[in-house]
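So the structure is just underneath, and the comments pick up after that.
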Protein chains: 4
Amino acid sequence: MTIARLHTAYREIRRATEALCGGLSAEDCALQSMPDASPVKWHLAHTSWFFETFVLEPGLRGYRPFHPHFKVLYNSYYVGVGERHPRPERGLLSRPSLADVHAYRAHVDAHVARWADAARADDATLRVFELGLHHEQQHQELIVTDLKHLLSRNPLRPAYVPAQPDAPPEPAQVEWIAFPAGVREIGHAGEGFCFDNEQPRHRVYLDAFRLASRLVTNREYLAFVEDDGYRRPELWLSDGWDACVAQRWTTPLYWEDADGRRQIFAASGMQELALDQPVCHVSFYEADAYARWAGARLPMEAEWETAAADVPQAGNFAESRRFQPVPTSRGAGLQQMFGDVWEWTASAYLGYPGYRPAAGAVGEYNGKFMVNQFVLRGGSCATPQSHIRASYRNFFPPAARWQFSGIRLARENRS
Amino acid sequence: MTIARLHTAYREIRRATEALCGGLSAEDCALQSMPDASPVKWHLAHTSWFFETFVLEPGLRGYRPFHPHFKVLYNSYYVGVGERHPRPERGLLSRPSLADVHAYRAHVDAHVARWADAARADDATLRVFELGLHHEQQHQELIVTDLKHLLSRNPLRPAYVPAQPDAPPEPAQVEWIAFPAGVREIGHAGEGFCFDNEQPRHRVYLDAFRLASRLVTNREYLAFVEDDGYRRPELWLSDGWDACVAQRWTTPLYWEDADGRRQIFAASGMQELALDQPVCHVSFYEADAYARWAGARLPMEAEWETAAADVPQAGNFAESRRFQPVPTSRGAGLQQMFGDVWEWTASAYLGYPGYRPAAGAVGEYNGKFMVNQFVLRGGSCATPQSHIRASYRNFFPPAARWQFSGIRLARENRS
Amino acid sequence: MTIARLHTAYREIRRATEALCGGLSAEDCALQSMPDASPVKWHLAHTSWFFETFVLEPGLRGYRPFHPHFKVLYNSYYVGVGERHPRPERGLLSRPSLADVHAYRAHVDAHVARWADAARADDATLRVFELGLHHEQQHQELIVTDLKHLLSRNPLRPAYVPAQPDAPPEPAQVEWIAFPAGVREIGHAGEGFCFDNEQPRHRVYLDAFRLASRLVTNREYLAFVEDDGYRRPELWLSDGWDACVAQRWTTPLYWEDADGRRQIFAASGMQELALDQPVCHVSFYEADAYARWAGARLPMEAEWETAAADVPQAGNFAESRRFQPVPTSRGAGLQQMFGDVWEWTASAYLGYPGYRPAAGAVGEYNGKFMVNQFVLRGGSCATPQSHIRASYRNFFPPAARWQFSGIRLARENRS
Amino acid sequence: MTIARLHTAYREIRRATEALCGGLSAEDCALQSMPDASPVKWHLAHTSWFFETFVLEPGLRGYRPFHPHFKVLYNSYYVGVGERHPRPERGLLSRPSLADVHAYRAHVDAHVARWADAARADDATLRVFELGLHHEQQHQELIVTDLKHLLSRNPLRPAYVPAQPDAPPEPAQVEWIAFPAGVREIGHAGEGFCFDNEQPRHRVYLDAFRLASRLVTNREYLAFVEDDGYRRPELWLSDGWDACVAQRWTTPLYWEDADGRRQIFAASGMQELALDQPVCHVSFYEADAYARWAGARLPMEAEWETAAADVPQAGNFAESRRFQPVPTSRGAGLQQMFGDVWEWTASAYLGYPGYRPAAGAVGEYNGKFMVNQFVLRGGSCATPQSHIRASYRNFFPPAARWQFSGIRLARENRS
C-alpha cells in the first residue's frame, strides 16, 4: 500500500477508536477492573504511543515526544523499548486525564499527517505503520471487552450501547460439513497485511473431519449446564476442573440468575437469555468440556482455516455496534465462521514451522506469547470487519472468559 | 447542643468536605489505590449515607432514599444495616458519577435542613446526628490521606495543594518533661461530644515518666536510617522486622532518592527533605524501632493523655491547607502535642474498663475494631482543629504508614 | 539455686522430655503439619541446642559443638546467634535422623554433667542454664500440641496416649467471685525463677470485678454454637469474624461430626464430646465472641493474677499424661485456675512498665514478640506442674487454636 | 502377553521398586518437599493401590482390601474411583508407617500371585495389569526425582547413591543430522505395550529439518549463563521470563556456587560441575531460551520420533544406579537419544488426531492432562531401560525443573 492510502486508513481507524468512546465519561475511561483488562484511556494512549514510538521517533525528523513520561506509561510489554509502567497499576492513573490523552492523540495525528505528507518512508517503517493500524483495531476490540468487564463489576449494571432486537429466530439444525483427508496449506498467502504469526504458509496433513455448520447456541449450552456439566469432573481437563472449582464457575461469564430467570449482562445491560444466540464468554476449558459432553471435539486450527478459506468474510462485526452475537439465519453450508464469537480451537498457540518474529522491538508483538495459550479463529461481534481474515490467529489463556469467545464443534469423519 | 446549632455545624462541615475536593477531577475522585484506601468520591457519598441511614430514614417522616442501591454501595462496615459493597472494589465504580454523588449530597443536605427545621428530634437521633458530624470530619482526613496515596502511585507525582514555605527553622533541643507517679483519671469528662471509645473515664496507676518536649524530626530519624536502622533486626519487634523485609522498607513512606538527594512526596508534590520537620508516615513498627535505637520508648496512651490534659489544643491542622507537618517553634514545655502528626503510643487499642459500645448499628463504630491495632494521639496536619481533644483515641494497625503518623519519645523517670 | 540442684532438675526435665516421645516412631517425630508447629525431633534437638549454645560454648572450656550444621539447623529465632534454618522447612529434614538427635542429646547431657561438676559457673551462665530448664519445659508442651495437630491431619486419627475415664461428673454451677477496686501489684516477686516478661513487679489500678469460679464447659459452649454463634457477626470482633469466615470455623478446633454425633479428636484419639469438660482449642476470637454472647467479658491479666495470687497451684497437668482437660470437682471458690486449659485474657501482650529484656541473644526470648498477641494464664493439661505460677504470661496470636486454650469469664462488679 | 509372563515381569518390577529404597530410612521415605513431589512411601503404596483397585478388586473373587482407608489415601487423581487424600498433604502421614506400607505391598503381591495362578483374567483386566507394570516403572523414576528434591532441601545435602566416575571424556563436536521433508507416520505401531496417548498412529507432514547429534552439555549451557542468559528477557518467552524472575533462576536447578566454584547437587551428593555431562534439570522455558540464544530451536515431537525410529534403545538408564547423565562417547550419527535426560520438545502435549482415552477410571491416566504441558522424549538416567520406546510421550509443565530434563537442538534445513 502507498503511504497515502495507509494514511486514509489511519484516519478512519483512529476515528473509529474514538467513536467507541463516544458516550463514556472520564471516569468510565479511567478504571481498571482486573490486571488482564486495561482502562479505556490507556488503550487510547497506548495505540498513540505505538505510532509515536515506532513511526514518528525513527521516521519524522526532529520529532519531540509529547510528554517525557509517556514512553514508560504507555509501553505495554516491549522490553526492547525500555521500562514499562506495571500492567496491574494502569488503573491508578487519574492523570494524565482523559482530556490530556485526547490531546496526545491529536498531537500524534498531526505529526503522522506531516510524516505522511513527507512521503519518504522506507519500507520497514511503512510496514510498521501498517502494523500500527491493525494494532489499533485489536485495541478497539479490547476497549469493548475491557469496558464490558468493568461495567459488569458495577452493581448498577450500566449499559454501554442501546439494545437492538434480534431478527426473528430461525432455529437452524446443525449440519456436519465433511472435509477429506490430505496435505493442505495454511498460513497467510498473497499480498495483503498479516501478522508474523500467520506465517510462513506451510503444509499440514489432515485426516478427514467434519465441522458443525454453525456455532453452539445458548439453548444447547444450557442443556449442558442443566445436565450438571459444571459438576462432573469427568467431562473436564484436570486443570480446567481446578479452574472451575477455584473460580466457582456454574455458567458462562455474565450469566446471572434473576428470581429464577436466566439473564445475561450484555453491552446493552441486563437481558433475558436469548436461547438462539451463540453461547459466548466461555473459556477454552468450558468449550472443551462442552464438546466432550456433546460427543464431539473442538476443531484444530488447520481444520478451521482449511474450511474457512472459501467462506465470505461477512458476519456480525463491531460495525453493527451491537456487541453481542446474533442467531444465525438459516442457510446452506458453513455459517457464522466470521464475526459473532471467536471460536476456540484445540490447537495450542505455537509458532508455525519456520516461524521468525520480526526484527527489533516489534518482534515482541506475537512470538514471546507462544506458550500456555490456545488459538481462536474467526473474529467476533467486537472485531472490526476489515480486521479479520481466514488465516488470523487470536490467542488467549485457556481460563480466559472476558473475550467474546464461543464454540464450534468438530468430529472425525470415520464411516 | 441544640438542633439549630448542630445544623449550623453540619453546614460548615459539609462545606469543608467539599472544599477539600475543589481542585480535583472526576477521575481523581474515582480511583482506589489499595484496599485500605477509598476513592474520594466514595467518602463524599458514604458520609451522606451515614446521615441518610441513621438520621433521615428513622427521623424524617416520609423520607425516601435517594437511590435504592446506595444503601449497599455506601455502607462501609455496618453489618447491622445489611449488605455492603466489598471495600476492595470501591474503585470499580465509574457510576454513580462524581456529579451523581454531588447530587446525592445536595439531596441529603436539603432533607437534613427539613429535618432540622422540624426540630422534633429525640435525644438519641440528635446524638447520632452529632456523631455524623464527627464522622464526616474523620473522612475529611481520610480524603487527604487516601488521595495522597493515590497520587503517590502515579509516576507523574502530581501535587494536591500548592507548596507553602516553612517558617525559618529554630531547631529546638528536646527537653524531657517529668511527670510523677500516681493514680490518674483518663477518658473523656464533661459535656462535649466524644466517641464511645473515650469512655468510661477511669483510674489508672502510672509510674513516674518523662515525655519529650517535641516530635522526632526528619534529621533525627535520618540518623537512624543512616545508622542502618532498617538493616538491624535487633532493633525491631519480630513482626515488625518481617514487615520491614517483606515490604522492603528502607525509609518512611514517601521518601525517595533523586540522584542521591533525599526527597519526599508531599501534598504539594516532590520536595527536598526538610530536616527540621517532624518525621511522618512511619508505622508503629518503625516508631518502636526508632525509640529502641534512641534508648527511649513510645509513651503509653494514659501517659500521653495525662500530659496533654492541660496543653492548649492549638497547632498545625487541616485548616492551614498545607497537609504537611512543620518544624516546631522554640518554646517552653510540651510542643506539638496537637496537630502535625498523629503520635503512635505503646498502647494496644482495647476497650477501657467497663467500655460499652452504643446500642444498634452505630455500636459497630469503634468497638469491633479493638484488636490488632495501636492507639495514636493528638491529631495531624490533616485533622480539622475542632475535631481533636486530649481524650481522642485514633487507631491503626501497626504496619500502617499512609496516615500522617509520627513519633514522640518517652522514658522512665528513675533517678 | 546451686549448680548441683539445677543439674538434678536438668536430668529430670530432660528425662521427662524423652518420656513424651516414648511411643512415637521416627516418622511421627519427623513431620511438620504447619509452619506454626515443629516436628517433635526438632524440639528434641532445639532444646539441646539451647544448652549447647548458651551454656556449653561460653561456659565449658574446649567444648566442641556436636555437629557444625546444628548451630543453624536448630536455632529457632535468635538473630543474635546467626543464621536460622527457615521455620516452615523444619519438616524437610529426614537427616539428622531421630537416632542422630538422640545422640546429640546424649552428647549435650554428658558435657552438661562435666560442666556441672566443674562447678565454676558464673551467675549469668547459671541464670541462662536455669532459663534453659524452663525453656525445655515449654517445648515439652509444644511437643504435645504440635504432635496432636499432626495426628489430627491424618485421616486415620491416631491416638497418642490411651484414654483415661473422667471421674463421674459433678456439674458445678458457676459462682461469681467478687474482688474490690484498688491499686494492686502484679508481676513476679520473690526469689524463684521467672521469665523477663513477668517483670518488673509494678502497680496497677483495678476497678471492682468478678471472676467465674470455673472454666466454661463444652456444654455451655455448645449452647453458643447452637445459638448460631458462628453465624452472627455482631458477636465478633471484626478481625475475628474475618478469620471465622476465611477459615470456615463452625466449632472449636478438633470438634468433628460423626453421623450427627459430636466428637472431638483428643490425645487419645476420637471421643464423644464430654459436656462437662472445659471447652478447649478455641482462639481468642472465639473466646471473646463467646463472652459477648454470654453477657460477660474476658478477664484482664491483672485481674486474673490478682485473683490467682492465693490459689494453690494444683490441677490437671502434663504429669497425668491425659493431655485433656477434665471436669471440675465441686468446690468452693476459684476452681481450675491452674492446669486444664490456658485461659485467654483481654490483655494484649505488651511489656510491663519499665520492662527490660535480658542482655545478649537470650534477650530475644520474649521481648520481640510483644505485639499482635494476647496473654493467656494458668497453664494447661500439657504444662508440667513445676513450670507454672501465678505471674506466668503465655501469649499467642488471637487466631491460634492448636494450643490447649479455653475460657474463664469475668464481669464488672457494679451494683 | 500371557498372564504367566506378565506375572514374571511384575515380580521383577516390584523388586526393582523396593531396591530403589534399599538405603533409605523410614524418615527419608515419609517426607514431602513440595506439592509436586510425593513421599517415597506414598509411591510404594500408590503403586500397590493401583493393582488392588484395578486388578484385585474386580478380578480376584472375594478379595478384601488390605485397609479400608487406603482406597482414599493412595488414590492419586482418579476421580472415577472416589475421594482422594489431597496431594499437598501426602507428607502429613506418619502412619501408615513404612513397615505398614511394606506389609501392604506383600499383601498385594500375595494376592496378585493367587490371581495370576487362577489364570482366568479377561483381556481388559490383563491390559490393566500390564498398564500397572508400566505405571509402577513410572513411579520408580518419580521415587528418584522426588527423593533427590527432598535431599536437596536439606542443608546437609545427603547423598542417595555412591558417586561413580565418568569415563574419560571424549568431547564430541555436534553434527547436524539432516532429515528430508514429507508425510511421516508417528505414534505407536505393532504389538507391544503403549500408553493410550501414543495412539492412534497417524500421518504428519514435516518440513526438512536437522537434529543435533548429541545433547547440549554443561559447558555449552555455562556459556549461555555467562553470556547473561538469565538476565536478557529478549531470549525468553514472556511467561518464561516471569517464571525466571519470580523464582530467581540464575542457573539450572541444583547448581550451586561454592566459594566461586560451580558445583551441582547430584544423586551422589555435591560434585564439581562436569562440563562434558549433558545439562540437566532445566525447565522448558530455559531450554527454549537456550535454543534461541544458540540460534536454533527445540525439535517438534514428530521430528524427534521420526529421527528416533531407527536408533537402538541403548543408553544410560536407571539400571546403572548412577542417576546422573554422562558424557557421550564419540560416535557417528545420533547419540544419547535414549536415557541420560528427557529431551524437551517444542510440542504442546495434546491428544493425537482421533485420540480416545481408555474406558473407565483408567481413562483418566493421560487424557485429562492434555493442556499446559510440553512433551519430552527419550527417557532419562532414572528411567528403567525396558520402559522407554521411540513413541513414548512424557509431559511436564513448562516451568518444571526437578525431573532429569535436558536439551537437544534442532534447525530448519534450508539451503
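Order determines the names: the first chain of the C-alpha cells is A, the second B, and so forth; residues in each chain are numbered 1 upward, and ligands are numbered 1 upward as they are shown.
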
What residues in chain C lie within 10 Å of chain D, counting only C-alpha atoms, written as a PDB file with N, CA and C atoms, in the first residue's frame?
ATOM      1  N   LEU C  24       6.528 -42.994  70.201  1.00  0.00           N
ATOM      2  CA  LEU C  24       6.490 -42.403  68.863  1.00  0.00           C
ATOM      3  C   LEU C  24       7.549 -43.016  67.949  1.00  0.00           C
ATOM      4  N   SER C  25       7.210 -43.156  66.679  1.00  0.00           N
ATOM      5  CA  SER C  25       8.160 -43.648  65.688  1.00  0.00           C
ATOM      6  C   SER C  25       9.008 -42.491  65.160  1.00  0.00           C
ATOM      7  N   ALA C  26      10.089 -42.840  64.480  1.00  0.00           N
ATOM      8  CA  ALA C  26      10.914 -41.811  63.845  1.00  0.00           C
ATOM      9  C   ALA C  26      10.082 -40.999  62.862  1.00  0.00           C
ATOM     10  N   GLU C  27       9.143 -41.654  62.190  1.00  0.00           N
ATOM     11  CA  GLU C  27       8.283 -40.925  61.252  1.00  0.00           C
ATOM     12  C   GLU C  27       7.394 -39.933  61.991  1.00  0.00           C
ATOM     13  N   ASP C  28       6.810 -40.370  63.092  1.00  0.00           N
ATOM     14  CA  ASP C  28       5.980 -39.445  63.886  1.00  0.00           C
ATOM     15  C   ASP C  28       6.763 -38.194  64.275  1.00  0.00           C
ATOM     16  N   CYS C  29       8.039 -38.390  64.547  1.00  0.00           N
ATOM     17  CA  CYS C  29       8.851 -37.286  65.076  1.00  0.00           C
ATOM     18  C   CYS C  29       9.423 -36.390  63.994  1.00  0.00           C
ATOM     19  N   ALA C  30       9.295 -36.781  62.723  1.00  0.00           N
ATOM     20  CA  ALA C  30       9.964 -36.029  61.656  1.00  0.00           C
ATOM     21  C   ALA C  30       9.050 -35.061  60.927  1.00  0.00           C
ATOM     22  N   LEU C  31       7.739 -35.206  61.056  1.00  0.00           N
ATOM     23  CA  LEU C  31       6.824 -34.467  60.183  1.00  0.00           C
ATOM     24  C   LEU C  31       6.390 -33.145  60.810  1.00  0.00           C
ATOM     25  N   GLN C  32       6.047 -32.220  59.930  1.00  0.00           N
ATOM     26  CA  GLN C  32       5.611 -30.878  60.336  1.00  0.00           C
ATOM     27  C   GLN C  32       4.266 -30.616  59.672  1.00  0.00           C
ATOM     28  N   SER C  33       3.270 -30.277  60.492  1.00  0.00           N
ATOM     29  CA  SER C  33       1.911 -30.165  59.943  1.00  0.00           C
ATOM     30  C   SER C  33       1.560 -28.766  59.483  1.00  0.00           C
ATOM     31  N   MET C  34       2.286 -27.772  59.949  1.00  0.00           N
ATOM     32  CA  MET C  34       2.029 -26.393  59.523  1.00  0.00           C
ATOM     33  C   MET C  34       3.217 -25.545  59.977  1.00  0.00           C
ATOM     34  N   HIS C  69      26.684 -28.102  61.469  1.00  0.00           N
ATOM     35  CA  HIS C  69      25.462 -27.539  60.881  1.00  0.00           C
ATOM     36  C   HIS C  69      24.379 -27.259  61.917  1.00  0.00           C
ATOM     37  N   PHE C  70      24.500 -27.832  63.109  1.00  0.00           N
ATOM     38  CA  PHE C  70      23.384 -27.743  64.048  1.00  0.00           C
ATOM     39  C   PHE C  70      23.169 -26.320  64.559  1.00  0.00           C
ATOM     40  N   VAL C  72      22.927 -23.715  62.929  1.00  0.00           N
ATOM     41  CA  VAL C  72      21.922 -23.093  62.064  1.00  0.00           C
ATOM     42  C   VAL C  72      20.619 -23.890  62.065  1.00  0.00           C
ATOM     43  N   LEU C  73      20.741 -25.220  61.987  1.00  0.00           N
ATOM     44  CA  LEU C  73      19.541 -26.062  61.859  1.00  0.00           C
ATOM     45  C   LEU C  73      18.606 -25.911  63.040  1.00  0.00           C
ATOM     46  N   HIS C  85      17.778 -21.918  60.090  1.00  0.00           N
ATOM     47  CA  HIS C  85      17.063 -22.712  59.079  1.00  0.00           C
ATOM     48  C   HIS C  85      15.605 -22.277  59.111  1.00  0.00           C
ATOM     49  N   GLU C  89      10.421 -24.957  57.009  1.00  0.00           N
ATOM     50  CA  GLU C  89      11.127 -26.062  56.356  1.00  0.00           C
ATOM     51  C   GLU C  89      11.672 -27.072  57.359  1.00  0.00           C
ATOM     52  N   ARG C  90      11.226 -26.960  58.596  1.00  0.00           N
ATOM     53  CA  ARG C  90      11.703 -27.917  59.600  1.00  0.00           C
ATOM     54  C   ARG C  90      11.242 -29.338  59.296  1.00  0.00           C
ATOM     55  N   GLY C  91      10.182 -29.452  58.522  1.00  0.00           N
ATOM     56  CA  GLY C  91       9.680 -30.777  58.179  1.00  0.00           C
ATOM     57  C   GLY C  91      10.331 -31.350  56.936  1.00  0.00           C
ATOM     58  N   LEU C  92      11.372 -30.723  56.420  1.00  0.00           N
ATOM     59  CA  LEU C  92      12.056 -31.238  55.226  1.00  0.00           C
ATOM     60  C   LEU C  92      13.308 -32.023  55.570  1.00  0.00           C
ATOM     61  N   LEU C  93      13.543 -32.275  56.855  1.00  0.00           N
ATOM     62  CA  LEU C  93      14.823 -32.844  57.277  1.00  0.00           C
ATOM     63  C   LEU C  93      14.672 -34.296  57.710  1.00  0.00           C
ATOM     64  N   SER C  94      14.885 -35.214  56.777  1.00  0.00           N
ATOM     65  CA  SER C  94      14.908 -36.624  57.200  1.00  0.00           C
ATOM     66  C   SER C  94      16.227 -36.923  57.911  1.00  0.00           C
ATOM     67  N   ARG C  95      17.246 -36.201  57.590  1.00  0.00           N
ATOM     68  CA  ARG C  95      18.513 -36.258  58.307  1.00  0.00           C
ATOM     69  C   ARG C  95      18.744 -34.879  58.934  1.00  0.00           C
ATOM     70  N   PRO C  96      19.318 -34.735  60.086  1.00  0.00           N
ATOM     71  CA  PRO C  96      19.719 -35.780  61.024  1.00  0.00           C
ATOM     72  C   PRO C  96      18.508 -36.646  61.420  1.00  0.00           C
ATOM     73  N   SER C  97      18.773 -37.931  61.525  1.00  0.00           N
ATOM     74  CA  SER C  97      17.719 -38.869  61.894  1.00  0.00           C
ATOM     75  C   SER C  97      17.353 -38.704  63.365  1.00  0.00           C
ATOM     76  N   LEU C  98      16.258 -39.328  63.753  1.00  0.00           N
ATOM     77  CA  LEU C  98      15.870 -39.295  65.163  1.00  0.00           C
ATOM     78  C   LEU C  98      16.994 -39.889  66.026  1.00  0.00           C
ATOM     79  N   LEU C 150      -0.438 -32.657  64.234  1.00  0.00           N
ATOM     80  CA  LEU C 150      -0.021 -33.534  63.138  1.00  0.00           C
ATOM     81  C   LEU C 150      -0.944 -34.745  63.039  1.00  0.00           C
ATOM     82  N   LEU C 151      -1.193 -35.385  64.144  1.00  0.00           N
ATOM     83  CA  LEU C 151      -2.031 -36.592  64.118  1.00  0.00           C
ATOM     84  C   LEU C 151      -3.451 -36.251  63.673  1.00  0.00           C
ATOM     85  N   SER C 152      -3.893 -35.048  63.986  1.00  0.00           N
ATOM     86  CA  SER C 152      -5.252 -34.655  63.588  1.00  0.00           C
ATOM     87  C   SER C 152      -5.375 -34.504  62.078  1.00  0.00           C
ATOM     88  N   ARG C 153      -4.253 -34.263  61.394  1.00  0.00           N
ATOM     89  CA  ARG C 153      -4.294 -34.111  59.941  1.00  0.00           C
ATOM     90  C   ARG C 153      -4.243 -35.466  59.234  1.00  0.00           C
ATOM     91  N   ASN C 154      -4.145 -36.508  59.990  1.00  0.00           N
ATOM     92  CA  ASN C 154      -4.068 -37.854  59.432  1.00  0.00           C
ATOM     93  C   ASN C 154      -5.467 -38.473  59.438  1.00  0.00           C
ATOM     94  N   PRO C 155      -5.965 -38.887  58.291  1.00  0.00           N
ATOM     95  CA  PRO C 155      -7.330 -39.446  58.255  1.00  0.00           C
ATOM     96  C   PRO C 155      -7.517 -40.654  59.164  1.00  0.00           C
ATOM     97  N   LEU C 156      -6.436 -41.286  59.578  1.00  0.00           N
ATOM     98  CA  LEU C 156      -6.568 -42.431  60.496  1.00  0.00           C
ATOM     99  C   LEU C 156      -6.799 -41.977  61.924  1.00  0.00           C
ATOM    100  N   ARG C 157      -6.619 -40.678  62.198  1.00  0.00           N
ATOM    101  CA  ARG C 157      -6.820 -40.117  63.542  1.00  0.00           C
ATOM    102  C   ARG C 157      -6.165 -40.980  64.633  1.00  0.00           C
ATOM    103  N   PRO C 158      -4.855 -41.105  64.577  1.00  0.00           N
ATOM    104  CA  PRO C 158      -4.189 -41.990  65.548  1.00  0.00           C
ATOM    105  C   PRO C 158      -4.180 -41.385  66.951  1.00  0.00           C
TER     106      PRO C 158
END

Polymer residues at most 6 Å from Pro384 (chain C), only C-alpha atoms, same-chain spacing of 3 or more positions, as a list in words: Phe317, Ala318 and His387 of chain C

Those residues with N, CA, C and O atoms, as a compact mmCIF listing (two decimals), in the first residue's frame please?
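Result file selection03.txt:
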# COMPACT_ATOMS: atom_id res chain seq x y z
N PHE C 317 -2.32 -31.46 85.13
CA PHE C 317 -1.14 -31.06 84.37
C PHE C 317 -0.62 -32.20 83.50
O PHE C 317 -1.20 -33.30 83.48
N ALA C 318 0.51 -31.92 82.84
CA ALA C 318 1.10 -32.91 81.94
C ALA C 318 1.42 -34.22 82.64
O ALA C 318 1.44 -35.28 82.01
N HIS C 387 6.20 -25.93 86.20
CA HIS C 387 6.53 -24.87 85.25
C HIS C 387 5.67 -23.62 85.46
O HIS C 387 6.05 -22.54 85.02

Determine the nearest neighbour of Asn218 (chain D) from the options D:Leu142, D:Gly406, D:Asp242, D:Ile177, counting only C-alpha atoms.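 Among the listed residues, D:Gly406 lies closest to Asn218 (chain D).
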
Long-range neighbours of region 102-107 of chain B as a list in words, 9 Å cut-off, only C-alpha atoms, 4 positions minimum in chain: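 With the cut-off at 9 Å, the set is Arg14, Lys41, Leu44, Ala45, Thr47, Ser48, Trp49, Phe66, His67, Ser97, Leu98, His111 and Val112 of chain B.
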
Store the residues of this selection in a file with C-alpha atoms, as a PDB file, in the first residue's frame.
ATOM      1  CA  ARG B  14     -20.216  19.650  54.713  1.00  0.00           C
ATOM      2  CA  LYS B  41     -15.996  10.001  45.640  1.00  0.00           C
ATOM      3  CA  LEU B  44     -18.312  12.017  49.684  1.00  0.00           C
ATOM      4  CA  ALA B  45     -21.112   9.515  49.291  1.00  0.00           C
ATOM      5  CA  THR B  47     -20.679  10.448  54.748  1.00  0.00           C
ATOM      6  CA  SER B  48     -24.020  11.315  53.173  1.00  0.00           C
ATOM      7  CA  TRP B  49     -25.175   7.727  53.515  1.00  0.00           C
ATOM      8  CA  PHE B  66     -32.053   8.955  47.034  1.00  0.00           C
ATOM      9  CA  HIS B  67     -31.241   5.728  45.205  1.00  0.00           C
ATOM     10  CA  SER B  97     -20.522   9.576  38.638  1.00  0.00           C
ATOM     11  CA  LEU B  98     -18.992  12.327  40.709  1.00  0.00           C
ATOM     12  CA  HIS B 111     -33.608  16.856  53.682  1.00  0.00           C
ATOM     13  CA  VAL B 112     -31.377  17.409  56.674  1.00  0.00           C
TER      14      VAL B 112
END

Quote the spacing between CA of Arg64 (chain A) and CA of His134 (chain A) in Å to one decimal place. 24.5 Å
